[in-house]
>>> print(open('final.csv').read())   # CSV, C-alpha atoms
chain,number,residue,atom,x,y,z
A,1,MET,CA,0.0,0.0,0.0
A,2,ALA,CA,3.0,2.3,0.5
A,3,ALA,CA,4.0,1.7,-3.1
A,4,SER,CA,0.4,2.4,-4.3
A,5,SER,CA,0.3,5.9,-2.6
A,6,ALA,CA,3.9,6.9,-3.4
A,7,PRO,CA,3.0,8.4,-6.8
A,8,SER,CA,0.5,10.8,-5.2
A,9,PRO,CA,3.0,13.6,-4.4
A,10,LEU,CA,4.7,13.0,-7.8
A,11,TYR,CA,1.5,13.6,-9.8
A,12,VAL,CA,2.1,17.4,-9.6
A,13,VAL,CA,5.7,16.9,-10.7
A,14,TYR,CA,4.7,14.7,-13.6
A,15,GLN,CA,2.0,17.2,-14.5
A,16,GLN,CA,4.6,20.0,-14.6
A,17,HIS,CA,7.1,17.9,-16.7
A,18,TRP,CA,4.7,16.6,-19.2
A,19,ASP,CA,2.0,19.3,-19.1
A,20,PHE,CA,-1.1,17.2,-18.8
A,21,SER,CA,-4.6,18.2,-17.5
A,22,ALA,CA,-6.4,17.3,-14.3
A,23,THR,CA,-8.4,14.8,-16.3
A,24,THR,CA,-5.3,12.9,-17.3
A,25,LEU,CA,-4.0,13.1,-13.7
A,26,THR,CA,-7.1,11.4,-12.3
A,27,THR,CA,-7.1,8.9,-15.3
A,28,VAL,CA,-3.6,7.8,-14.2
A,29,PHE,CA,-5.0,7.4,-10.7
A,30,ALA,CA,-8.1,5.5,-12.0
A,31,VAL,CA,-6.1,3.1,-14.2
A,32,TYR,CA,-4.5,1.7,-11.1
A,33,VAL,CA,-7.9,1.1,-9.6
A,34,LEU,CA,-9.1,-0.5,-12.9
A,35,GLY,CA,-6.2,-3.0,-12.7
A,36,MET,CA,-7.0,-3.7,-9.1
A,37,ILE,CA,-10.7,-4.3,-9.7
A,38,ALA,CA,-9.9,-6.6,-12.6
A,39,ALA,CA,-7.5,-8.6,-10.3
A,40,LEU,CA,-10.1,-8.8,-7.6
A,41,LEU,CA,-12.7,-10.1,-10.1
A,42,VAL,CA,-10.4,-12.7,-11.7
A,43,LEU,CA,-7.9,-13.6,-9.0
A,44,GLY,CA,-9.9,-12.8,-5.8
A,45,SER,CA,-10.6,-16.4,-4.8
A,46,LEU,CA,-7.4,-18.0,-6.4
A,47,SER,CA,-5.7,-18.2,-3.0
A,48,ASP,CA,-8.6,-20.3,-1.7
A,49,HIS,CA,-7.5,-22.9,-4.2
A,50,LEU,CA,-3.7,-22.5,-4.7
A,51,GLY,CA,-2.8,-21.3,-1.2
A,52,ARG,CA,-2.0,-17.9,0.1
A,53,ARG,CA,1.8,-18.0,-0.4
A,54,PRO,CA,2.0,-18.6,-4.2
A,55,VAL,CA,-0.5,-15.8,-4.9
A,56,LEU,CA,1.4,-13.4,-2.6
A,57,LEU,CA,4.7,-14.2,-4.2
A,58,SER,CA,3.3,-13.7,-7.7
A,59,ALA,CA,1.8,-10.4,-6.6
A,60,ILE,CA,5.1,-9.2,-5.2
A,61,THR,CA,6.9,-10.1,-8.4
A,62,LEU,CA,4.3,-8.2,-10.5
A,63,GLU,CA,4.6,-5.2,-8.1
A,64,ALA,CA,8.3,-5.2,-8.6
A,65,ALA,CA,7.8,-5.1,-12.4
A,66,SER,CA,5.6,-2.0,-11.9
A,67,MET,CA,8.4,-0.3,-9.9
A,68,ALA,CA,10.7,-1.0,-12.9
A,69,LEU,CA,8.3,0.7,-15.2
A,70,PHE,CA,8.0,3.7,-13.0
A,71,LEU,CA,11.9,3.9,-13.0
A,72,VAL,CA,12.0,4.2,-16.8
A,73,ALA,CA,8.8,6.2,-17.3
A,74,ASP,CA,9.3,9.3,-19.5
A,75,SER,CA,5.8,9.8,-20.7
A,76,VAL,CA,2.1,9.5,-19.7
A,77,SER,CA,1.8,6.2,-21.6
A,78,LEU,CA,4.5,4.5,-19.5
A,79,LEU,CA,3.0,6.0,-16.4
A,80,LEU,CA,-0.4,4.5,-17.3
A,81,ALA,CA,1.2,1.1,-17.9
A,82,ALA,CA,3.1,1.2,-14.6
A,83,ARG,CA,-0.1,2.1,-12.7
A,84,LEU,CA,-2.1,-0.6,-14.4
A,85,VAL,CA,0.4,-3.3,-13.6
A,86,GLN,CA,0.6,-2.0,-10.0
A,87,GLY,CA,-3.2,-2.1,-9.7
A,88,ILE,CA,-3.2,-5.8,-10.8
A,89,ALA,CA,-0.5,-6.7,-8.4
A,90,THR,CA,-2.1,-4.9,-5.4
A,91,GLY,CA,-5.5,-6.4,-6.1
A,92,ALA,CA,-4.1,-9.9,-6.2
A,93,ALA,CA,-2.2,-9.2,-3.0
A,94,MET,CA,-5.0,-7.6,-0.9
A,95,THR,CA,-7.5,-10.4,-0.9
A,96,ALA,CA,-4.8,-13.0,-0.3
A,97,LEU,CA,-3.3,-10.9,2.5
A,98,GLY,CA,-6.7,-10.4,4.2
A,99,ALA,CA,-7.5,-14.1,4.0
A,100,ALA,CA,-4.0,-15.1,5.3
A,101,LEU,CA,-4.3,-12.8,8.2
A,102,ALA,CA,-7.6,-14.3,9.1
A,103,ASP,CA,-6.1,-17.8,8.8
A,104,LEU,CA,-3.2,-16.9,11.1
A,105,ASN,CA,-5.3,-15.2,13.7
A,106,PRO,CA,-4.3,-16.6,17.1
A,107,THR,CA,-7.1,-17.9,19.3
A,108,HIS,CA,-5.9,-15.9,22.3
A,109,ALA,CA,-6.2,-12.6,20.3
A,110,PRO,CA,-9.4,-13.0,18.2
A,111,HIS,CA,-9.3,-9.3,17.3
A,112,ARG,CA,-5.8,-9.2,15.8
A,113,ALA,CA,-6.6,-10.0,12.1
A,114,GLY,CA,-9.3,-7.4,11.9
A,115,VAL,CA,-7.1,-4.8,13.5
A,116,VAL,CA,-4.2,-5.4,11.1
A,117,THR,CA,-6.5,-5.6,8.1
A,118,GLY,CA,-8.1,-2.3,9.1
A,119,ALA,CA,-4.9,-0.5,10.2
A,120,ALA,CA,-2.1,-1.7,8.0
A,121,PRO,CA,-3.4,-0.4,4.6
A,122,THR,CA,-4.1,3.1,5.8
A,123,PHE,CA,-0.7,3.2,7.6
A,124,GLY,CA,1.0,2.1,4.3
A,125,LEU,CA,-0.9,4.7,2.3
A,126,GLY,CA,0.3,7.4,4.7
A,127,LEU,CA,3.9,6.1,4.8
A,128,GLY,CA,4.2,6.0,1.0
A,129,ALA,CA,2.8,9.4,0.4
A,130,LEU,CA,4.8,11.2,3.2
A,131,GLY,CA,8.0,9.3,2.5
A,132,CYS,CA,7.8,10.1,-1.2
A,133,GLY,CA,7.1,13.7,-0.4
A,134,PHE,CA,10.3,14.0,1.7
A,135,LEU,CA,12.3,12.2,-1.0
A,136,VAL,CA,11.0,14.4,-3.8
A,137,GLU,CA,11.6,17.6,-1.8
A,138,TYR,CA,15.1,16.8,-0.3
A,139,GLY,CA,16.5,13.8,-2.1
A,140,PRO,CA,18.2,13.3,-5.4
A,141,HIS,CA,16.4,12.0,-8.5
A,142,PRO,CA,12.9,12.9,-7.3
A,143,THR,CA,11.1,10.7,-9.8
A,144,ARG,CA,13.4,7.7,-9.4
A,145,LEU,CA,14.7,7.3,-5.9
A,146,VAL,CA,11.4,6.3,-4.2
A,147,TYR,CA,10.9,3.5,-6.6
A,148,VAL,CA,14.4,2.1,-6.0
A,149,LEU,CA,13.7,2.0,-2.3
A,150,LEU,CA,10.3,0.4,-2.8
A,151,LEU,CA,11.9,-2.2,-5.1
A,152,ALA,CA,14.4,-3.1,-2.3
A,153,GLY,CA,11.5,-3.3,0.1
A,154,LEU,CA,9.6,-5.7,-2.2
A,155,VAL,CA,12.7,-8.0,-2.3
A,156,LEU,CA,12.6,-8.1,1.5
A,157,ALA,CA,8.8,-8.8,1.4
A,158,ALA,CA,9.3,-11.7,-0.9
A,159,ALA,CA,11.8,-13.2,1.4
A,160,VAL,CA,9.5,-12.9,4.4
A,161,VAL,CA,6.5,-14.4,2.5
A,162,ALA,CA,8.6,-17.3,1.3
A,163,ALA,CA,9.5,-18.1,4.9
A,164,LEU,CA,5.9,-18.0,6.1
A,165,PRO,CA,3.9,-21.2,6.6
A,166,GLU,CA,1.1,-22.0,4.1
A,167,THR,CA,-2.2,-21.4,5.8
A,168,SER,CA,-4.7,-22.7,3.2
A,169,LEU,CA,-4.9,-26.2,1.8
A,170,ARG,CA,-5.0,-26.6,-1.9
A,171,ARG,CA,-8.3,-27.6,-3.4
A,172,PRO,CA,-9.6,-28.2,-6.9
A,173,GLY,CA,-11.3,-25.5,-9.0
A,174,ALA,CA,-8.4,-23.0,-9.5
A,175,ALA,CA,-9.0,-22.6,-13.2
A,176,ARG,CA,-12.7,-22.3,-12.8
A,177,SER,CA,-12.2,-19.6,-10.1
A,178,LEU,CA,-10.5,-17.3,-12.7
A,179,GLN,CA,-13.9,-16.6,-14.3
A,180,PRO,CA,-14.7,-13.0,-13.5
A,181,ARG,CA,-17.4,-12.9,-11.0
A,182,LEU,CA,-18.7,-11.3,-7.8
A,183,LYS,CA,-19.9,-14.0,-5.4
A,184,VAL,CA,-20.9,-13.9,-1.8
A,185,ALA,CA,-22.3,-16.9,0.1
A,186,PRO,CA,-26.0,-16.3,0.7
A,187,HIS,CA,-25.7,-16.4,4.5
A,188,LEU,CA,-23.1,-13.5,4.3
A,189,ARG,CA,-25.0,-11.2,2.0
A,190,ALA,CA,-27.1,-9.3,4.5
A,191,ASP,CA,-24.1,-8.6,6.7
A,192,LEU,CA,-22.1,-7.3,3.8
A,193,LEU,CA,-25.0,-5.2,2.5
A,194,ARG,CA,-25.1,-3.4,5.9
A,195,LEU,CA,-21.5,-2.3,5.4
A,196,VAL,CA,-21.9,-0.8,2.0
A,197,PRO,CA,-22.9,2.8,3.0
A,198,ILE,CA,-19.9,3.2,5.2
A,199,LEU,CA,-17.5,1.6,2.7
A,200,VAL,CA,-18.7,3.9,0.0
A,201,ALA,CA,-18.5,7.1,2.1
A,202,SER,CA,-15.0,6.4,3.6
A,203,TRP,CA,-13.3,5.2,0.4
A,204,ALA,CA,-14.8,8.0,-1.7
A,205,LEU,CA,-13.1,10.4,0.8
A,206,GLY,CA,-9.8,8.5,0.5
A,207,GLY,CA,-10.0,8.8,-3.3
A,208,LEU,CA,-10.4,12.6,-3.1
A,209,TYR,CA,-7.2,12.9,-0.9
A,210,LEU,CA,-5.0,10.5,-2.9
A,211,SER,CA,-5.9,11.9,-6.3
A,212,LEU,CA,-6.5,15.6,-5.9
A,213,GLY,CA,-5.2,16.3,-2.3
A,214,PRO,CA,-1.7,17.5,-3.3
A,215,SER,CA,-3.2,19.6,-6.1
A,216,VAL,CA,-5.6,21.2,-3.6
A,217,ALA,CA,-2.6,22.0,-1.3
A,218,VAL,CA,-0.8,23.7,-4.3
A,219,GLY,CA,-3.7,25.2,-6.2
A,220,LEU,CA,-6.0,26.4,-3.3
A,221,PHE,CA,-3.6,27.0,-0.4
A,222,GLY,CA,-0.5,28.0,-2.4
A,223,LEU,CA,1.7,25.3,-0.7
A,224,SER,CA,4.5,24.3,-3.1
A,225,SER,CA,6.4,21.9,-0.8
A,226,HIS,CA,6.1,18.3,-1.9
A,227,VAL,CA,6.3,17.3,1.7
A,228,VAL,CA,3.0,19.1,2.2
A,229,GLY,CA,1.6,17.2,-0.7
A,230,GLY,CA,2.4,13.9,1.1
A,231,LEU,CA,1.3,15.3,4.4
A,232,VAL,CA,-2.2,15.9,3.0
A,233,VAL,CA,-2.6,12.2,2.5
A,234,THR,CA,-0.9,11.3,5.8
A,235,LEU,CA,-3.2,13.6,7.8
A,236,LEU,CA,-6.1,11.4,6.7
A,237,THR,CA,-4.4,7.9,6.8
A,238,VAL,CA,-2.3,8.0,10.0
A,239,PRO,CA,-5.2,9.0,12.3
A,240,ALA,CA,-7.2,6.2,10.5
A,241,CYS,CA,-4.4,3.7,11.4
A,242,LEU,CA,-4.1,4.8,15.1
A,243,THR,CA,-7.9,4.7,15.5
A,244,ALA,CA,-8.2,1.2,14.2
A,245,ILE,CA,-5.7,0.1,16.9
A,246,ALA,CA,-7.2,2.2,19.7
A,247,LEU,CA,-10.8,1.1,19.1
A,248,ARG,CA,-10.2,-2.6,18.6
A,249,GLY,CA,-12.3,-3.7,21.6
A,250,TRP,CA,-15.3,-1.5,20.8
A,251,PRO,CA,-18.7,-3.0,19.9
A,252,VAL,CA,-19.2,-3.0,16.1
A,253,ALA,CA,-22.4,-0.9,16.1
A,254,ARG,CA,-20.9,1.8,18.2
A,255,THR,CA,-17.7,1.8,16.1
A,256,LEU,CA,-19.6,2.1,12.8
A,257,ALA,CA,-21.8,4.9,14.2
A,258,LEU,CA,-18.7,6.7,15.4
A,259,GLY,CA,-17.0,6.3,12.0
A,260,ALA,CA,-19.9,7.6,10.1
A,261,GLY,CA,-20.4,10.6,12.4
A,262,LEU,CA,-16.7,11.6,12.3
A,263,LEU,CA,-16.5,11.2,8.6
A,264,LEU,CA,-19.5,13.6,8.3
A,265,ALA,CA,-18.1,16.1,10.8
A,266,GLY,CA,-14.5,16.0,9.5
A,267,THR,CA,-15.6,16.4,5.9
A,268,VAL,CA,-17.8,19.4,6.8
A,269,VAL,CA,-14.9,21.0,8.8
A,270,ALA,CA,-12.5,20.4,6.0
A,271,LEU,CA,-14.9,21.9,3.5
A,272,THR,CA,-15.3,24.9,5.7
A,273,GLY,CA,-11.5,25.4,5.7
A,274,VAL,CA,-11.5,25.3,1.9
A,275,GLU,CA,-14.3,27.8,1.7
A,276,GLU,CA,-12.7,30.2,4.2
A,277,ASP,CA,-9.2,29.7,2.9
A,278,SER,CA,-8.2,28.4,6.3
A,279,LEU,CA,-5.4,25.8,6.2
A,280,LEU,CA,-5.6,25.1,9.9
A,281,THR,CA,-9.4,24.4,9.7
A,282,ALA,CA,-8.9,22.2,6.6
A,283,ALA,CA,-6.1,20.2,8.3
A,284,LEU,CA,-8.2,19.8,11.5
A,285,GLY,CA,-11.2,18.5,9.4
A,286,THR,CA,-8.9,16.1,7.6
A,287,VAL,CA,-7.6,14.6,10.9
A,288,VAL,CA,-11.2,14.2,12.2
A,289,ALA,CA,-12.3,12.5,9.0
A,290,GLY,CA,-9.2,10.3,9.3
A,291,VAL,CA,-10.4,9.1,12.7
A,292,GLY,CA,-13.8,8.3,11.1
A,293,PHE,CA,-12.1,6.5,8.3
A,294,GLY,CA,-10.1,4.3,10.7
A,295,ALA,CA,-13.2,3.5,12.8
A,296,SER,CA,-15.1,2.6,9.6
A,297,SER,CA,-12.3,0.3,8.3
A,298,LEU,CA,-11.9,-1.4,11.7
A,299,ALA,CA,-15.6,-2.3,12.0
A,300,SER,CA,-16.0,-3.2,8.3
A,301,PHE,CA,-13.0,-5.4,7.7
A,302,GLY,CA,-12.9,-6.7,11.3
A,303,THR,CA,-16.5,-8.0,10.6
A,304,LEU,CA,-15.5,-9.5,7.3
A,305,ALA,CA,-12.4,-11.2,8.8
A,306,ARG,CA,-14.5,-13.0,11.4
A,307,MET,CA,-17.8,-13.8,9.7
A,308,ALA,CA,-16.6,-16.1,6.9
A,309,ALA,CA,-15.2,-19.6,6.8
A,310,PRO,CA,-11.7,-20.1,5.4
A,311,SER,CA,-13.0,-21.3,2.0
A,312,GLU,CA,-15.2,-18.2,1.7
A,313,ARG,CA,-12.7,-15.5,2.7
A,314,GLY,CA,-11.0,-14.8,-0.6
A,315,GLU,CA,-14.3,-14.3,-2.4
A,316,LEU,CA,-15.8,-12.2,0.4
A,317,PHE,CA,-12.8,-9.9,0.6
A,318,SER,CA,-12.8,-9.5,-3.2
A,319,VAL,CA,-16.4,-8.2,-3.2
A,320,ALA,CA,-15.7,-5.9,-0.3
A,321,PHE,CA,-12.6,-4.5,-2.0
A,322,VAL,CA,-14.4,-4.1,-5.3
A,323,ILE,CA,-17.0,-2.0,-3.6
A,324,SER,CA,-14.4,0.0,-1.8
A,325,TYR,CA,-12.2,0.7,-4.8
A,326,LEU,CA,-15.1,1.6,-7.1
A,327,SER,CA,-16.0,4.2,-4.5
A,328,PHE,CA,-12.3,5.1,-4.3
A,329,SER,CA,-11.9,5.7,-8.1
A,330,VAL,CA,-15.1,6.6,-9.9
A,331,PRO,CA,-15.8,9.8,-8.0
A,332,ALA,CA,-12.1,10.8,-8.3
A,333,VAL,CA,-12.2,10.4,-12.1
A,334,VAL,CA,-15.4,12.5,-12.3
A,335,ALA,CA,-13.7,15.1,-10.1
A,336,GLY,CA,-10.7,15.2,-12.5
A,337,ILE,CA,-13.0,15.8,-15.5
A,338,ALA,CA,-14.9,18.5,-13.5
A,339,THR,CA,-11.7,20.2,-12.4
A,340,THR,CA,-10.6,20.6,-16.0
A,341,HIS,CA,-13.9,22.2,-17.0
A,342,THR,CA,-15.1,24.1,-13.8
A,343,GLY,CA,-12.0,24.6,-11.7
A,344,LEU,CA,-10.3,23.0,-8.7
A,345,HIS,CA,-12.1,25.0,-6.0
A,346,GLU,CA,-15.6,24.3,-7.2
A,347,THR,CA,-14.9,20.6,-7.8
A,348,SER,CA,-13.3,20.2,-4.3
A,349,VAL,CA,-16.4,21.8,-2.7
A,350,ALA,CA,-18.8,19.6,-4.6
A,351,TYR,CA,-16.9,16.4,-4.0
A,352,ALA,CA,-16.6,17.1,-0.2
A,353,ALA,CA,-20.3,17.9,0.0
A,354,THR,CA,-21.1,14.6,-1.7
A,355,VAL,CA,-18.9,12.7,0.7
A,356,ALA,CA,-20.6,14.4,3.6
A,357,PHE,CA,-24.0,13.4,2.2
A,358,LEU,CA,-22.9,9.8,1.9
A,359,ALA,CA,-21.5,9.8,5.4
A,360,ALA,CA,-24.9,11.1,6.6
A,361,LEU,CA,-26.6,8.3,4.8
A,362,ALA,CA,-24.3,5.8,6.4
A,363,LEU,CA,-25.0,7.3,9.8
A,364,LEU,CA,-28.7,7.1,9.2
A,365,ALA,CA,-28.4,3.5,8.0
A,366,GLN,CA,-26.6,2.5,11.2
A,367,TRP,CA,-29.1,4.3,13.4
A,368,LEU,CA,-32.0,2.5,11.7
A,369,ARG,CA,-30.2,-0.9,12.0
A,370,ALA,CA,-29.5,-0.2,15.7
A,371,ARG,CA,-33.2,0.5,16.3
A,372,ARG,CA,-34.2,-2.8,14.6
A,373,THR,CA,-31.5,-5.0,16.2
A,374,PRO,CA,-30.3,-4.5,19.8
A,375,GLU,CA,-26.6,-4.4,20.0
A,376,ARG,CA,-24.8,-7.6,21.1
A,377,PRO,CA,-21.9,-7.3,23.5
A,378,ALA,CA,-19.4,-8.6,20.9
A,379,THR,CA,-16.5,-6.4,19.9
A,380,CYS,CA,-15.8,-5.3,16.4
A,381,PRO,CA,-13.6,-8.0,15.1
A,382,GLN,CA,-15.4,-10.7,17.0
A,383,THR,CA,-18.9,-9.9,15.5
>>> encode(input="final.csv", output="structure tokens")
Amino acid sequence: MAASSAPSPLYVVYQQHWDFSATTLTTVFAVYVLGMIAALLVLGSLSDHLGRRPVLLSAITLEAASMALFLVADSVSLLLAARLVQGIATGAAMTALGAALADLNPTHAPHRAGVVTGAAPTFGLGLGALGCGFLVEYGPHPTRLVYVLLLAGLVLAAAVVAALPETSLRRPGAARSLQPRLKVAPHLRADLLRLVPILVASWALGGLYLSLGPSVAVGLFGLSSHVVGGLVVTLLTVPACLTAIALRGWPVARTLALGAGLLLAGTVVALTGVEEDSLLTAALGTVVAGVGFGASSLASFGTLARMAAPSERGELFSVAFVISYLSFSVPAVVAGIATTHTGLHETSVAYAATVAFLAALALLAQWLRARRTPERPATCPQT
């Protein structure tokens, strides 16, 4: 996930070097998500058949290939190719990682897989964006060095995965599982459906920050430092990570309600900062929304990690990630097109207002669910 967010502070640099529009910028962002969704649809349940380790090692190899493409990229076409390959690699890895964490979950700490699945991706997103921002601002070769370091990290990751025990037995049907499909076991559908509003609201907000966040810092607040471009993403993702760890023992209904409420409040505060040209207010709103993002991820993915049998986990995580990343990408592409035609300020305001509306819907959905179903004492990842 650090590799997937590393290009965010560089988008402004690429845009200056190659003189492309905001529409092209968000298209580069969306191509990554397109590759990820394709991988989720085709490869999502492959680790249920071949085992977690072979799929993870293949995904790491493909991610390394994308880093090589970034290193030699000298045009938008190569940048698009690198992001597409990276999206496929990340999509293949995410479901296998989520399923492997659930498989490895120790009985004495039943919450651990959900906490890691909720916290690690947001921490990685923040680490990649902020680390790249520092390297671009202060290091040599701003469009190359970060990818060399990430490539070295992937070599280390491959060695670690190779040493891990296999957690899923091989079973027949691997070739048949490659048919593109979205499938959830009937007894899991109602629980997944209840999570859709909060998944859409939180990941749509994440898409705004990772695609246009650095551009907003430069274009609306006049902050030219690339560190600030990375910090925009980090202000959202690091609070999300810390929140997922801090709230791991909370009941799921309370955590979902808190996540939706803080997403709504934080987005409104950040929007106020943009309207009043107040950097401090916008930053405060981002942090509050990040806490809401973390609570939402904890409750959502913690629930997914615990409610499915091992043979169902790959497919279930595939569907959940498809919902999340469609929410992550489609609004961002629309925002890029709108920015080209109507301007960055108007687009940012409209996008933030839409996210606030979605968060309000998620809060309402959780309130209605709580009225119909009394909350059980189980904690987030145990529900």
>>> closest_residue(input="final.csv", among="A:Thr243, A:Ser47, A:Ser8, A:Asn105", to="A:Thr143", atoms="only C-alpha atoms")
A:Ser8
>>> closest_residue(input="final.csv", among="A:Leu220, A:Ala201, A:Ala289, A:Ala30", to="A:Tyr351", atoms="all atoms listed in the file")
A:Ala201
>>> residues_around(input="final.csv", residues="A:Ala159", least_positions_apart="4", cutoff="12 Å", atoms="only C-alpha atoms", output="PyMOL selection string")
chain A and resi 53+56-57+60-61+152-155+163-164
>>> closest_residue(input="final.csv", among="A:Ala352, A:Leu223, A:Leu149, A:Leu97", to="A:Gly114", atoms="all atoms listed in the file")
A:Leu97
>>> atom_distance(input="final.csv", atom1="atom CA of A:Val252", atom2="atom CA of A:Gly294")
12.9 Å
>>> atom_distance(input="final.csv", atom1="atom CA of A:Met1", atom2="atom CA of A:Leu69")
17.3 Å
>>> atom_distance(input="final.csv", atom1="atom CA of A:Ala162", atom2="atom CA of A:Gly51")
12.3 Å
>>> closest_residue(input="final.csv", among="A:Ser311, A:Thr281, A:Ser329, A:Gln15", to="A:Gly87", atoms="only C-alpha atoms")
A:Ser329
>>> residues_near_point(input="final.csv", point="(-0.8, -18.1, 4.1)", cutoff="12 Å", atoms="all atoms listed in the file", output="PyMOL selection string")
chain A and resi 47-57+93+95-105+160-170+310+314
>>> closest_residue(input="final.csv", among="A:Thr90, A:Ser297, A:Thr107, A:Gln16", to="A:Ile37", atoms="only C-alpha atoms")
A:Thr90
>>> residues_around(input="final.csv", residues="A:Ala260", least_positions_apart="2", cutoff="6 Å", atoms="all atoms listed in the file", output="ChimeraX atom specification")
/A:257-258,262-263,359,363
>>> residues_around(input="final.csv", residues="A:Leu84", least_positions_apart="5", cutoff="6 Å", atoms="all atoms listed in the file", output="PDB file with C-alpha atoms, keeping the file's coordinate frame")
ATOM      1  CA  VAL A  31      -6.100   3.100 -14.200  1.00  0.00           C
ATOM      2  CA  TYR A  32      -4.500   1.700 -11.100  1.00  0.00           C
ATOM      3  CA  GLY A  35      -6.200  -3.000 -12.700  1.00  0.00           C
TER       4      GLY A  35
END
>>> closest_residue(input="final.csv", among="A:Val322, A:Val287, A:Ala362, A:Val274", to="A:Ala38", atoms="all atoms listed in the file")
A:Val322
>>> residues_near_point(input="final.csv", point="(-13.0, 10.8, -12.8)", cutoff="9 Å", atoms="all atoms listed in the file", output="list in words")
Thr23, Thr26, Thr27, Phe29, Ala30, Ser329, Val330, Pro331, Ala332, Val333, Val334, Ala335, Gly336, Ile337 and Ala338 of chain A
>>> decode(input="final.csv", residues="stretch 85-97 of chain A", atoms="N, CA, C and O atoms", output="compact mmCIF listing (two decimals), in the first residue's frame")
# COMPACT_ATOMS: atom_id res chain seq x y z
N VAL A 85 -0.22 -2.12 -14.11
CA VAL A 85 0.44 -3.31 -13.57
C VAL A 85 0.41 -3.28 -12.04
O VAL A 85 0.16 -4.30 -11.38
N GLN A 86 0.65 -2.11 -11.47
CA GLN A 86 0.62 -1.98 -10.01
C GLN A 86 -0.76 -2.29 -9.45
O GLN A 86 -0.90 -2.94 -8.41
N GLY A 87 -1.80 -1.86 -10.15
CA GLY A 87 -3.15 -2.14 -9.69
C GLY A 87 -3.46 -3.63 -9.69
O GLY A 87 -4.06 -4.15 -8.75
N ILE A 88 -3.04 -4.33 -10.74
CA ILE A 88 -3.25 -5.78 -10.81
C ILE A 88 -2.52 -6.47 -9.66
O ILE A 88 -3.06 -7.35 -8.98
N ALA A 89 -1.26 -6.06 -9.43
CA ALA A 89 -0.48 -6.66 -8.35
C ALA A 89 -1.12 -6.41 -6.99
O ALA A 89 -1.21 -7.32 -6.15
N THR A 90 -1.56 -5.19 -6.75
CA THR A 90 -2.15 -4.85 -5.45
C THR A 90 -3.47 -5.58 -5.23
O THR A 90 -3.74 -6.07 -4.13
N GLY A 91 -4.28 -5.67 -6.27
CA GLY A 91 -5.55 -6.39 -6.15
C GLY A 91 -5.34 -7.85 -5.83
O GLY A 91 -6.06 -8.44 -5.01
N ALA A 92 -4.35 -8.47 -6.50
CA ALA A 92 -4.05 -9.87 -6.22
C ALA A 92 -3.56 -10.06 -4.79
O ALA A 92 -3.89 -11.06 -4.13
N ALA A 93 -2.79 -9.10 -4.30
CA ALA A 93 -2.21 -9.23 -2.96
C ALA A 93 -3.24 -8.99 -1.86
O ALA A 93 -3.22 -9.68 -0.83
N MET A 94 -4.13 -8.01 -2.05
CA MET A 94 -4.97 -7.57 -0.95
C MET A 94 -5.89 -8.66 -0.42
O MET A 94 -6.04 -8.85 0.78
N THR A 95 -6.55 -9.40 -1.33
CA THR A 95 -7.47 -10.43 -0.86
C THR A 95 -6.71 -11.59 -0.23
O THR A 95 -7.13 -12.14 0.79
N ALA A 96 -5.56 -11.96 -0.83
CA ALA A 96 -4.77 -13.05 -0.26
C ALA A 96 -4.21 -12.65 1.10
O ALA A 96 -4.16 -13.47 2.03
N LEU A 97 -3.80 -11.39 1.25
CA LEU A 97 -3.31 -10.92 2.55
C LEU A 97 -4.41 -10.93 3.61
O LEU A 97 -4.20 -11.38 4.73
